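Colleague: Structure file run27.json (JSON, C-alpha atoms and all ligand atoms) right here:
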[["chain", "number", "residue", "atom", "x", "y", "z"],
["A", 147, "MET", "CA", 103.96, 97.84, 51.81],
["A", 148, "LYS", "CA", 107.17, 99.57, 52.83],
["A", 149, "THR", "CA", 110.39, 97.64, 52.30],
["A", 150, "VAL", "CA", 114.11, 98.07, 52.86],
["A", 151, "LYS", "CA", 116.67, 96.98, 50.30],
["A", 152, "LEU", "CA", 119.26, 94.49, 51.60],
["A", 153, "ASN", "CA", 122.90, 94.59, 50.43],
["A", 154, "ASN", "CA", 122.08, 92.07, 47.67],
["A", 155, "ASN", "CA", 119.11, 94.20, 46.49],
["A", 156, "LEU", "CA", 116.50, 91.86, 47.99],
["A", 157, "GLU", "CA", 113.47, 93.80, 49.26],
["A", 158, "MET", "CA", 112.53, 93.05, 52.87],
["A", 159, "PRO", "CA", 109.22, 94.32, 54.31],
["A", 160, "ILE", "CA", 110.04, 96.72, 57.16],
["A", 161, "VAL", "CA", 107.31, 95.26, 59.42],
["A", 162, "GLY", "CA", 106.85, 91.53, 59.99],
["A", 163, "LEU", "CA", 105.00, 89.26, 62.39],
["A", 164, "GLY", "CA", 107.03, 87.79, 65.27],
["A", 165, "THR", "CA", 106.12, 84.25, 66.38],
["A", 166, "TRP", "CA", 108.25, 83.37, 69.42],
["A", 167, "LEU", "CA", 106.04, 81.58, 72.02],
["A", 168, "SER", "CA", 103.14, 81.49, 69.55],
["A", 169, "LYS", "CA", 101.62, 78.04, 69.99],
["A", 170, "PRO", "CA", 100.66, 75.86, 66.96],
["A", 171, "LYS", "CA", 96.97, 76.75, 66.69],
["A", 172, "ASP", "CA", 97.55, 80.37, 67.69],
["A", 173, "VAL", "CA", 100.38, 80.84, 65.22],
["A", 174, "TYR", "CA", 98.34, 79.34, 62.38],
["A", 175, "ASN", "CA", 95.53, 81.84, 63.01],
["A", 176, "ALA", "CA", 97.94, 84.72, 63.64],
["A", 177, "VAL", "CA", 99.69, 84.19, 60.29],
["A", 178, "LEU", "CA", 96.35, 84.00, 58.46],
["A", 179, "ILE", "CA", 95.15, 87.22, 60.14],
["A", 180, "ALA", "CA", 98.45, 88.96, 59.45],
["A", 181, "LEU", "CA", 98.50, 88.03, 55.76],
["A", 182, "LYS", "CA", 94.86, 89.06, 55.38],
["A", 183, "ASN", "CA", 95.68, 92.46, 56.84],
["A", 184, "GLY", "CA", 98.69, 93.40, 54.77],
["A", 185, "TYR", "CA", 101.70, 91.74, 56.43],
["A", 186, "ARG", "CA", 104.04, 90.04, 53.96],
["A", 187, "HIS", "CA", 106.81, 89.09, 56.37],
["A", 188, "ILE", "CA", 106.87, 86.35, 59.02],
["A", 189, "ASP", "CA", 109.71, 85.67, 61.47],
["A", 190, "THR", "CA", 110.21, 82.22, 62.97],
["A", 191, "ALA", "CA", 113.03, 79.92, 64.12],
["A", 192, "MET", "CA", 113.63, 76.21, 64.42],
["A", 193, "ILE", "CA", 113.54, 76.50, 68.24],
["A", 194, "TYR", "CA", 110.05, 78.11, 68.22],
["A", 195, "ASN", "CA", 108.62, 74.71, 67.25],
["A", 196, "ASN", "CA", 106.04, 76.30, 64.99],
["A", 197, "GLU", "CA", 107.57, 76.24, 61.50],
["A", 198, "GLU", "CA", 105.17, 73.60, 60.16],
["A", 199, "PHE", "CA", 102.08, 75.52, 61.33],
["A", 200, "ILE", "CA", 103.40, 78.71, 59.77],
["A", 201, "GLY", "CA", 104.04, 76.81, 56.53],
["A", 202, "LYS", "CA", 100.49, 75.49, 56.56],
["A", 203, "ALA", "CA", 99.01, 78.96, 57.18],
["A", 204, "ILE", "CA", 101.07, 80.37, 54.31],
["A", 205, "LYS", "CA", 99.71, 77.69, 51.97],
["A", 206, "ASP", "CA", 96.13, 78.15, 53.18],
["A", 207, "SER", "CA", 96.29, 81.97, 53.00],
["A", 208, "GLY", "CA", 96.04, 82.11, 49.22],
["A", 209, "VAL", "CA", 98.85, 84.69, 49.13],
["A", 210, "LYS", "CA", 101.52, 83.83, 46.58],
["A", 211, "ARG", "CA", 104.69, 82.34, 48.07],
["A", 212, "GLU", "CA", 106.90, 84.82, 46.23],
["A", 213, "ASP", "CA", 105.02, 87.73, 47.82],
["A", 214, "ILE", "CA", 105.89, 86.63, 51.36],
["A", 215, "PHE", "CA", 109.22, 87.13, 53.12],
["A", 216, "ILE", "CA", 110.01, 84.29, 55.54],
["A", 217, "THR", "CA", 112.84, 84.24, 58.04],
["A", 218, "THR", "CA", 113.96, 81.24, 60.05],
["A", 219, "LYS", "CA", 117.01, 80.64, 62.20],
["A", 220, "LEU", "CA", 119.71, 78.08, 62.88],
["A", 221, "TRP", "CA", 119.57, 76.84, 66.48],
["A", 222, "ASN", "CA", 122.65, 76.80, 68.72],
["A", 223, "THR", "CA", 123.06, 73.01, 68.92],
["A", 224, "ASP", "CA", 122.94, 72.81, 65.11],
["A", 225, "GLN", "CA", 125.96, 75.04, 64.56],
["A", 226, "GLY", "CA", 128.93, 73.74, 62.56],
["A", 227, "TYR", "CA", 129.29, 73.26, 58.80],
["A", 228, "GLU", "CA", 127.56, 69.90, 58.19],
["A", 229, "LYS", "CA", 124.99, 70.36, 60.95],
["A", 230, "THR", "CA", 123.96, 73.72, 59.52],
["A", 231, "LEU", "CA", 123.32, 72.22, 56.08],
["A", 232, "LYS", "CA", 121.16, 69.51, 57.68],
["A", 233, "ALA", "CA", 119.29, 71.89, 60.00],
["A", 234, "PHE", "CA", 118.46, 74.16, 57.07],
["A", 235, "ASP", "CA", 116.90, 71.25, 55.16],
["A", 236, "VAL", "CA", 114.83, 70.29, 58.22],
["A", 237, "SER", "CA", 113.47, 73.85, 58.54],
["A", 238, "LEU", "CA", 112.74, 74.01, 54.82],
["A", 239, "LYS", "CA", 110.82, 70.73, 55.03],
["A", 240, "LYS", "CA", 108.86, 71.76, 58.13],
["A", 241, "LEU", "CA", 107.88, 75.03, 56.47],
["A", 242, "GLY", "CA", 106.99, 73.10, 53.31],
["A", 243, "LEU", "CA", 108.88, 75.58, 51.16],
["A", 244, "GLU", "CA", 111.31, 75.47, 48.24],
["A", 245, "TYR", "CA", 113.39, 78.33, 49.64],
["A", 246, "ILE", "CA", 113.70, 80.63, 52.67],
["A", 247, "ASP", "CA", 113.96, 84.39, 52.24],
["A", 248, "LEU", "CA", 116.32, 84.92, 55.15],
["A", 249, "TYR", "CA", 118.31, 82.38, 57.16],
["A", 250, "LEU", "CA", 119.97, 83.64, 60.35],
["A", 251, "ILE", "CA", 122.45, 82.24, 62.86],
["A", 252, "HIS", "CA", 120.30, 82.54, 66.01],
["A", 253, "TRP", "CA", 122.97, 83.26, 68.65],
["A", 254, "PHE", "CA", 126.75, 83.58, 68.91],
["A", 255, "LYS", "CA", 128.26, 80.28, 70.07],
["A", 256, "GLY", "CA", 131.98, 80.93, 69.62],
["A", 257, "TYR", "CA", 134.14, 82.43, 66.88],
["A", 258, "ASP", "CA", 135.07, 79.20, 65.09],
["A", 259, "LYS", "CA", 131.54, 77.76, 65.22],
["A", 260, "ALA", "CA", 130.19, 81.01, 63.82],
["A", 261, "VAL", "CA", 132.54, 80.94, 60.82],
["A", 262, "GLU", "CA", 131.86, 77.25, 60.11],
["A", 263, "SER", "CA", 128.10, 77.76, 60.30],
["A", 264, "TYR", "CA", 128.20, 80.91, 58.23],
["A", 265, "LYS", "CA", 130.26, 79.21, 55.51],
["A", 266, "ALA", "CA", 127.52, 76.57, 55.23],
["A", 267, "MET", "CA", 124.99, 79.39, 54.98],
["A", 268, "GLU", "CA", 127.04, 80.95, 52.18],
["A", 269, "GLU", "CA", 126.74, 77.65, 50.32],
["A", 270, "ILE", "CA", 122.97, 77.56, 50.91],
["A", 271, "TYR", "CA", 122.77, 81.15, 49.64],
["A", 272, "LYS", "CA", 124.83, 80.38, 46.53],
["A", 273, "ASN", "CA", 122.53, 77.43, 45.78],
["A", 274, "GLY", "CA", 119.56, 79.79, 45.87],
["A", 275, "LYS", "CA", 117.86, 78.00, 48.77],
["A", 276, "ALA", "CA", 118.07, 81.12, 50.93],
["A", 277, "LYS", "CA", 117.59, 84.50, 49.25],
["A", 278, "ALA", "CA", 119.52, 86.21, 52.04],
["A", 279, "ILE", "CA", 121.64, 85.17, 55.03],
["A", 280, "GLY", "CA", 122.61, 86.87, 58.23],
["A", 281, "VAL", "CA", 123.01, 86.70, 61.97],
["A", 282, "SER", "CA", 121.15, 87.43, 65.18],
["A", 283, "ASN", "CA", 122.28, 88.57, 68.61],
["A", 284, "TYR", "CA", 125.57, 89.80, 67.19],
["A", 285, "ASN", "CA", 127.56, 92.71, 68.54],
["A", 286, "ILE", "CA", 130.27, 94.51, 66.61],
["A", 287, "HIS", "CA", 133.04, 92.03, 67.57],
["A", 288, "HIS", "CA", 130.87, 89.09, 66.46],
["A", 289, "LEU", "CA", 130.16, 90.82, 63.15],
["A", 290, "MET", "CA", 133.86, 91.58, 62.67],
["A", 291, "ASN", "CA", 134.60, 87.85, 62.98],
["A", 292, "ILE", "CA", 132.28, 87.14, 60.05],
["A", 293, "LEU", "CA", 133.44, 90.14, 58.01],
["A", 294, "ASN", "CA", 137.10, 89.15, 58.46],
["A", 295, "ASN", "CA", 136.73, 85.41, 57.85],
["A", 296, "CYS", "CA", 133.84, 84.91, 55.44],
["A", 297, "GLU", "CA", 133.07, 85.95, 51.88],
["A", 298, "ILE", "CA", 129.54, 87.34, 51.99],
["A", 299, "THR", "CA", 128.64, 90.32, 54.19],
["A", 300, "PRO", "CA", 125.63, 89.35, 56.32],
["A", 301, "MET", "CA", 122.50, 91.01, 54.97],
["A", 302, "VAL", "CA", 120.79, 91.33, 58.38],
["A", 303, "ASN", "CA", 121.60, 91.44, 62.08],
["A", 304, "GLN", "CA", 118.51, 90.77, 64.21],
["A", 305, "VAL", "CA", 118.99, 92.03, 67.77],
["A", 306, "GLU", "CA", 116.97, 93.12, 70.79],
["A", 307, "THR", "CA", 116.05, 96.73, 70.08],
["A", 308, "HIS", "CA", 113.33, 98.91, 71.62],
["A", 309, "VAL", "CA", 112.91, 102.32, 73.18],
["A", 310, "THR", "CA", 114.93, 101.43, 76.29],
["A", 311, "LEU", "CA", 117.68, 99.59, 74.34],
["A", 312, "GLN", "CA", 118.20, 101.77, 71.30],
["A", 313, "ASN", "CA", 121.50, 100.40, 69.90],
["A", 314, "HIS", "CA", 122.66, 103.61, 68.23],
["A", 315, "PHE", "CA", 126.33, 102.56, 67.92],
["A", 316, "LEU", "CA", 125.56, 99.05, 66.66],
["A", 317, "HIS", "CA", 123.07, 100.55, 64.19],
["A", 318, "GLN", "CA", 125.73, 102.96, 62.88],
["A", 319, "PHE", "CA", 128.23, 100.11, 62.49],
["A", 320, "CYS", "CA", 125.64, 98.07, 60.58],
["A", 321, "LYS", "CA", 124.81, 101.00, 58.31],
["A", 322, "ASP", "CA", 128.51, 101.61, 57.62],
["A", 323, "ASN", "CA", 128.88, 97.95, 56.61],
["A", 324, "ASN", "CA", 125.65, 97.53, 54.61],
["A", 325, "ILE", "CA", 124.05, 95.27, 57.20],
["A", 326, "GLN", "CA", 120.34, 95.83, 57.87],
["A", 327, "LEU", "CA", 119.45, 96.09, 61.57],
["A", 328, "GLU", "CA", 116.29, 94.23, 62.57],
["A", 329, "ALA", "CA", 114.60, 94.80, 65.95],
["A", 330, "TYR", "CA", 113.32, 91.90, 68.00],
["A", 331, "ALA", "CA", 111.27, 92.48, 71.17],
["A", 332, "PRO", "CA", 110.26, 95.88, 69.76],
["A", 333, "LEU", "CA", 107.47, 96.08, 72.37],
["A", 334, "MET", "CA", 109.81, 94.97, 75.18],
["A", 335, "SER", "CA", 108.52, 91.39, 75.00],
["A", 336, "PHE", "CA", 107.47, 89.97, 78.41],
["A", 337, "ARG", "CA", 108.32, 93.39, 79.89],
["A", 338, "ILE", "CA", 105.68, 95.12, 77.74],
["A", 339, "PRO", "CA", 103.99, 96.66, 80.83],
["A", 340, "GLN", "CA", 107.09, 98.85, 81.25],
["A", 341, "LEU", "CA", 106.59, 100.16, 77.73],
["A", 342, "LEU", "CA", 102.86, 100.74, 78.16],
["A", 343, "GLU", "CA", 103.46, 102.67, 81.40],
["A", 344, "ASN", "CA", 106.28, 104.85, 80.10],
["A", 345, "LYS", "CA", 105.25, 108.51, 80.54],
["A", 346, "VAL", "CA", 107.09, 109.84, 77.49],
["A", 347, "MET", "CA", 105.57, 107.14, 75.30],
["A", 348, "ILE", "CA", 102.09, 107.84, 76.65],
["A", 349, "GLU", "CA", 102.48, 111.58, 75.92],
["A", 350, "VAL", "CA", 103.66, 110.99, 72.34],
["A", 351, "ALA", "CA", 100.89, 108.45, 71.75],
["A", 352, "LYS", "CA", 98.28, 110.98, 72.92],
["A", 353, "LYS", "CA", 99.66, 113.65, 70.59],
["A", 354, "TYR", "CA", 99.27, 111.41, 67.51],
["A", 355, "ASP", "CA", 96.09, 109.72, 68.74],
["A", 356, "ARG", "CA", 97.83, 106.33, 68.51],
["A", 357, "THR", "CA", 98.65, 103.54, 70.96],
["A", 358, "VAL", "CA", 102.02, 103.26, 72.69],
["A", 359, "PRO", "CA", 102.90, 100.05, 70.73],
["A", 360, "GLN", "CA", 102.16, 101.87, 67.45],
["A", 361, "ILE", "CA", 104.52, 104.70, 68.48],
["A", 362, "ALA", "CA", 107.21, 102.19, 69.52],
["A", 363, "ILE", "CA", 106.95, 100.47, 66.12],
["A", 364, "ARG", "CA", 106.82, 103.71, 64.14],
["A", 365, "TRP", "CA", 109.87, 105.04, 65.99],
["A", 366, "LEU", "CA", 111.90, 102.04, 64.72],
["A", 367, "ILE", "CA", 110.56, 102.47, 61.18],
["A", 368, "GLU", "CA", 111.62, 106.15, 61.23],
["A", 369, "ARG", "CA", 115.14, 104.92, 62.04],
["A", 370, "GLY", "CA", 115.08, 102.52, 59.06],
["A", 371, "ILE", "CA", 115.09, 99.46, 61.32],
["A", 372, "VAL", "CA", 113.08, 96.36, 60.39],
["A", 373, "VAL", "CA", 110.61, 95.49, 63.15],
["A", 374, "ILE", "CA", 108.81, 92.23, 64.00],
["A", 375, "PRO", "CA", 106.19, 92.72, 66.75],
["A", 376, "LYS", "CA", 104.65, 89.44, 67.93],
["A", 377, "SER", "CA", 101.00, 88.98, 68.71],
["A", 378, "VAL", "CA", 98.42, 86.21, 68.54],
["A", 379, "THR", "CA", 95.57, 88.66, 69.21],
["A", 380, "GLU", "CA", 93.67, 89.75, 66.12],
["A", 381, "SER", "CA", 93.11, 93.40, 67.12],
["A", 382, "ARG", "CA", 96.78, 93.80, 68.09],
["A", 383, "ILE", "CA", 98.10, 92.13, 64.93],
["A", 384, "ILE", "CA", 96.04, 94.60, 62.90],
["A", 385, "ALA", "CA", 96.93, 97.64, 65.05],
["A", 386, "ASN", "CA", 100.66, 96.87, 64.98],
["A", 387, "TYR", "CA", 100.62, 97.05, 61.17],
["A", 388, "ASN", "CA", 98.57, 100.22, 61.09],
["A", 389, "VAL", "CA", 101.65, 102.45, 61.32],
["A", 390, "PHE", "CA", 102.18, 103.67, 57.77],
["A", 391, "ASP", "CA", 99.82, 106.66, 57.68],
["A", 392, "PHE", "CA", 101.66, 108.92, 60.11],
["A", 393, "SER", "CA", 105.22, 109.88, 61.00],
["A", 394, "LEU", "CA", 106.92, 111.17, 64.12],
["A", 395, "ASP", "CA", 108.42, 114.65, 64.05],
["A", 396, "GLU", "CA", 112.02, 115.30, 65.07],
["A", 397, "ASP", "CA", 111.08, 116.63, 68.54],
["A", 398, "ASP", "CA", 109.25, 113.42, 69.35],
["A", 399, "MET", "CA", 112.07, 111.27, 67.94],
["A", 400, "GLN", "CA", 114.43, 113.14, 70.30],
["A", 401, "ALA", "CA", 112.05, 112.85, 73.26],
["A", 402, "ILE", "CA", 111.91, 109.06, 72.77],
["A", 403, "ARG", "CA", 115.70, 108.94, 72.39],
["A", 404, "LYS", "CA", 115.91, 110.06, 76.04],
["A", 405, "VAL", "CA", 113.91, 106.97, 77.13],
["A", 406, "ASN", "CA", 117.02, 104.84, 76.42],
["A", 407, "THR", "CA", 118.51, 103.09, 79.48],
["A", 408, "GLY", "CA", 120.77, 100.68, 77.58],
["A", 409, "ARG", "CA", 119.47, 97.80, 79.70],
["A", 410, "LYS", "CA", 118.83, 94.43, 78.04],
["A", 411, "ILE", "CA", 115.88, 92.14, 78.68],
["A", 412, "PHE", "CA", 117.37, 89.07, 76.94],
["A", 413, "THR", "CA", 120.67, 87.26, 77.56],
["A", 414, "GLU", "CA", 123.80, 89.27, 76.93],
["A", 415, "TYR", "CA", 125.22, 87.93, 73.64],
["A", 416, "ASP", "CA", 128.59, 86.69, 74.96],
["A", 417, "ASN", "CA", 126.94, 84.73, 77.79],
["A", 418, "VAL", "CA", 124.58, 82.36, 76.02],
["A", 419, "ASP", "CA", 124.64, 79.09, 77.86],
["A", 420, "TYR", "CA", 122.01, 77.21, 75.90],
["A", 501, "LIG", "N1", 116.57, 86.43, 67.42],
["A", 501, "LIG", "C1", 116.20, 86.25, 68.68],
["A", 501, "LIG", "O1", 116.97, 85.76, 69.51],
["A", 501, "LIG", "C2", 114.84, 86.67, 69.11],
["A", 501, "LIG", "C3", 114.55, 86.80, 70.47],
["A", 501, "LIG", "C4", 113.26, 87.21, 70.81],
["A", 501, "LIG", "C5", 112.34, 87.48, 69.83],
["A", 501, "LIG", "N2", 112.63, 87.31, 68.50],
["A", 501, "LIG", "C6", 111.64, 87.56, 67.43],
["A", 501, "LIG", "O2", 111.09, 88.85, 67.62],
["A", 501, "LIG", "C7", 109.67, 88.76, 67.78],
["A", 501, "LIG", "C8", 109.16, 89.85, 68.69],
["A", 501, "LIG", "O3", 109.72, 89.75, 69.99],
["A", 501, "LIG", "P1", 108.89, 89.21, 71.27],
["A", 501, "LIG", "O4", 107.87, 88.26, 70.82],
["A", 501, "LIG", "O5", 109.89, 88.75, 72.26],
["A", 501, "LIG", "O6", 108.24, 90.52, 71.89],
["A", 501, "LIG", "P2", 107.38, 91.78, 71.41],
["A", 501, "LIG", "O7", 106.94, 91.67, 70.02],
["A", 501, "LIG", "O8", 108.16, 92.97, 71.84],
["A", 501, "LIG", "O9", 106.13, 91.68, 72.41],
["A", 501, "LIG", "C9", 105.23, 90.61, 72.35],
["A", 501, "LIG", "C10", 104.23, 90.76, 73.50],
["A", 501, "LIG", "O10", 103.47, 91.97, 73.35],
["A", 501, "LIG", "C11", 102.09, 91.67, 73.31],
["A", 501, "LIG", "N3", 101.53, 92.63, 72.32],
["A", 501, "LIG", "C12", 101.75, 92.65, 70.98],
["A", 501, "LIG", "N4", 101.13, 93.70, 70.41],
["A", 501, "LIG", "C13", 100.50, 94.37, 71.42],
["A", 501, "LIG", "C14", 99.68, 95.53, 71.46],
["A", 501, "LIG", "N5", 99.41, 96.23, 70.35],
["A", 501, "LIG", "N6", 99.18, 95.92, 72.68],
["A", 501, "LIG", "C15", 99.46, 95.23, 73.81],
["A", 501, "LIG", "N7", 100.23, 94.12, 73.83],
["A", 501, "LIG", "C16", 100.75, 93.69, 72.63],
["A", 501, "LIG", "C17", 101.98, 90.23, 72.87],
["A", 501, "LIG", "O11", 100.80, 89.64, 73.39],
["A", 501, "LIG", "P3", 99.78, 88.72, 72.54],
["A", 501, "LIG", "O12", 100.56, 87.82, 71.63],
["A", 501, "LIG", "O13", 99.07, 87.97, 73.63],
["A", 501, "LIG", "O14", 98.86, 89.65, 71.80],
["A", 501, "LIG", "C18", 103.20, 89.64, 73.56],
["A", 501, "LIG", "O15", 102.96, 89.39, 74.91],
["A", 501, "LIG", "C19", 109.50, 87.33, 68.36],
["A", 501, "LIG", "O16", 108.17, 86.89, 68.34],
["A", 501, "LIG", "C20", 110.45, 86.58, 67.48],
["A", 501, "LIG", "O17", 109.90, 86.36, 66.20],
["A", 501, "LIG", "C21", 113.88, 86.93, 68.14]]
Is it possible to give me this structure as structure tokens?

Modeller:
Amino acid sequence: MKTVKLNNNLEMPIVGLGTWLSKPKDVYNAVLIALKNGYRHIDTAMIYNNEEFIGKAIKDSGVKREDIFITTKLWNTDQGYEKTLKAFDVSLKKLGLEYIDLYLIHWFKGYDKAVESYKAMEEIYKNGKAKAIGVSNYNIHHLMNILNNCEITPMVNQVETHVTLQNHFLHQFCKDNNIQLEAYAPLMSFRIPQLLENKVMIEVAKKYDRTVPQIAIRWLIERGIVVIPKSVTESRIIANYNVFDFSLDEDDMQAIRKVNTGRKIFTEYDNVDY
């Protein structure tokens, strides 16, 4: 299992299972299949309404708790110091765990709210209830707010990243500040047909005798970005993890770089109205 080292030396598996929109029964099976096939990293969030089913699958899997890396996230309406502490306990209880590996602020909801929430997360981290803390959907100015006003540098920034939204400048900023970039929607989410039909991606996939999703995932791994493809389909869960026995050469990395359009699929981070 390939991992990256976070700024506090915690090892984070570079590929994890995404679970947004994975319904209770589906997510339970998906987590069991993933753990059986080598995954050791699961990404969820309070708002996905599936934490308890993921917790149950983890228990039933027979894999040791300490061998699994679990991320969950603080929802927007729970931001603020006291509310964050409470929301964290609710997630912990739903997951049925003693600690979370990574707790993230889900979205930016204002500079002051971010600092208040993050300070509560620092307390949770210091108490050992979260092994790492970080943010999601943060651009450089959002990160600067935390870096300037809080004590602990976020370990992770989870943002929309895929072949048409490559985030080279944000990635460089994160590297310069010891923040691990993590890619959500690595397969372009509900726009996956656009990925599967992309001519450059199809050509590269043919060359390596792989699928387009495998190339899209491998391309992020080559860049040192953590990646969390979501699937509830057994064959896809297995295929998406089968990306460690080949690597992309520099010409193909450059060819895929040209696929970038810079266009987002999800809400622009300063305009979250939920
Ligand atoms: N922090 C945030 O704000 C945020 C936002 C969005 C997502 N996320 C996280 O990131 C994870 C991934 O993002 P995402 O779920 O939006 O999108 P994604 O992983 O880019 O794509 C998921 C879609 O691709 C399909 N799929 C997966 N593997 C495939 C394969 N090998 N071949 C063909 N189709 C395949 C899935 O279908 P099936 O499931 O039917 O197989 C599903 O429709 C989420 O699940 C969540 O954990 C975080």

Colleague: Using all atoms listed in the file, find each residue of region 276-296 of chain A with at least one atom at most 8 Å away from an atom of region 304-324 of chain A; report its shortest atom-to-atom pair and that distance in Å (one decimal), sort the rows by chain and rising residue number, and return the result as a tab-separated table.

Modeller:
residue	atom	partner	partner_atom	distance
A:Val281	CA	A:Gln304	CA	6.5
A:Ser282	CA	A:Gln304	CA	4.4
A:Asn283	CA	A:Val305	CA	4.8
A:Tyr284	CA	A:Val305	CA	7.0
A:Asn285	CA	A:Leu316	CA	6.9
A:Ile286	CA	A:Leu316	CA	6.5

Colleague: Do you know which residues are at most 12 Å from Glu244 (chain A) counting all atoms listed in the file, after dropping those on the same chain fewer than 2 positions away, and could you put them as a list in words?

Modeller: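 Answer for this query is Gly201, Arg211, Glu212, Ile216, Phe234, Asp235, Val236, Ser237, Leu238, Lys239, Lys240, Leu241, Gly242, Ile246, Asp247, Asn273, Gly274, Lys275, Ala276 and Lys277 of chain A.
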
Colleague: State, in Å with one decimal place, the distance from CA of Glu414 (chain A) to CA of Ile270 (chain A).

Modeller: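 Spanning CA of Glu414 (chain A) to CA of Ile270 (chain A) is a straight-line distance of 28.5 Å.
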
Colleague: Of the candidates A:Glu396, A:Lys272, A:Leu220, A:Ser381, which one gets nearest to Glu368 (chain A) if we count only C-alpha atoms?

Modeller: A:Glu396

Colleague: Counting only C-alpha atoms and all ligand atoms, which protein, DNA or RNA residues come within 7 Å of ligand LIG 501 (chain A), given as a VMD selection string?

Modeller: chain A and resid 163 to 167 189 to 190 252 to 253 282 to 283 304 to 306 330 to 336 338 359 to 360 374 to 379 382 to 383 385 to 386

Colleague: Which one is closest to Ala401 (chain A): A:Val261, A:Val350, A:Met290, A:Leu152? Count all atoms listed in the file.

Modeller: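 Result for the nearest residue to Ala401 (chain A): A:Val350.
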
Colleague: Quick one: distance from CA of Tyr264 (chain A) to CA of Thr218 (chain A) in Å, one decimal?

Modeller: 14.4 Å

Colleague: Using all atoms listed in the file for the distances, tell me which of A:Thr407, A:Phe412, A:Ile402, A:Asn195 is nearest to Glu349 (chain A).

Modeller: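 Among A:Thr407, A:Phe412, A:Ile402, A:Asn195, it is A:Ile402 that comes nearest to Glu349 (chain A).
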
Colleague: If you measure from CA of Lys171 (chain A) to CA of Trp221 (chain A), what distance in Å do you get, rounded to one decimal?

Modeller: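 It comes out at 22.6 Å.
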
Colleague: So which one's closest to Val372 (chain A), A:His187, A:Lys182, A:Lys352, A:Lys345? Using only C-alpha atoms, please.

Modeller: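 Smallest separation from Val372 (chain A) among the options: A:His187.
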
Colleague: For Ile325 (chain A), work out the shell of residues within 7 Å, counting only C-alpha atoms and skipping chain neighbours fewer than 3 positions away, then give it as a list in words.

Modeller: Asn153, Pro300, Met301, Val302, Asn303, Cys320 and Lys321 of chain A

Colleague: Take the selection from the previous step and output its residues with C-alpha atoms, as a CSV table (one decimal), in the coordinates of the input.

Modeller:
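Once written, out_0.csv looks like this:
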chain,number,residue,atom,x,y,z
A,153,ASN,CA,122.9,94.6,50.4
A,300,PRO,CA,125.6,89.4,56.3
A,301,MET,CA,122.5,91.0,55.0
A,302,VAL,CA,120.8,91.3,58.4
A,303,ASN,CA,121.6,91.4,62.1
A,320,CYS,CA,125.6,98.1,60.6
A,321,LYS,CA,124.8,101.0,58.3

Colleague: Can you list, as a PyMOL selection string, every protein, DNA or RNA residue that comes within 12 Å of Cys296 (chain A) when you count all atoms listed in the file, leaving out same-chain residues fewer than 2 positions away?

Modeller: chain A and resi 257-258+260-269+280+289-294+298-300

Colleague: Looking at A:Lys410, A:Lys205, A:Arg369, A:Lys255, which one is nearest to Asn222 (chain A), with distances taken over all atoms listed in the file?

Modeller: A:Lys255

Colleague: With only C-alpha atoms as the counted atoms, please give the residues lying no more than 7 Å from Arg186 (chain A), apart from itself and same-chain residues fewer than 5 positions off, as a ChimeraX atom specification.

Modeller: /A:159,162,181,213-215
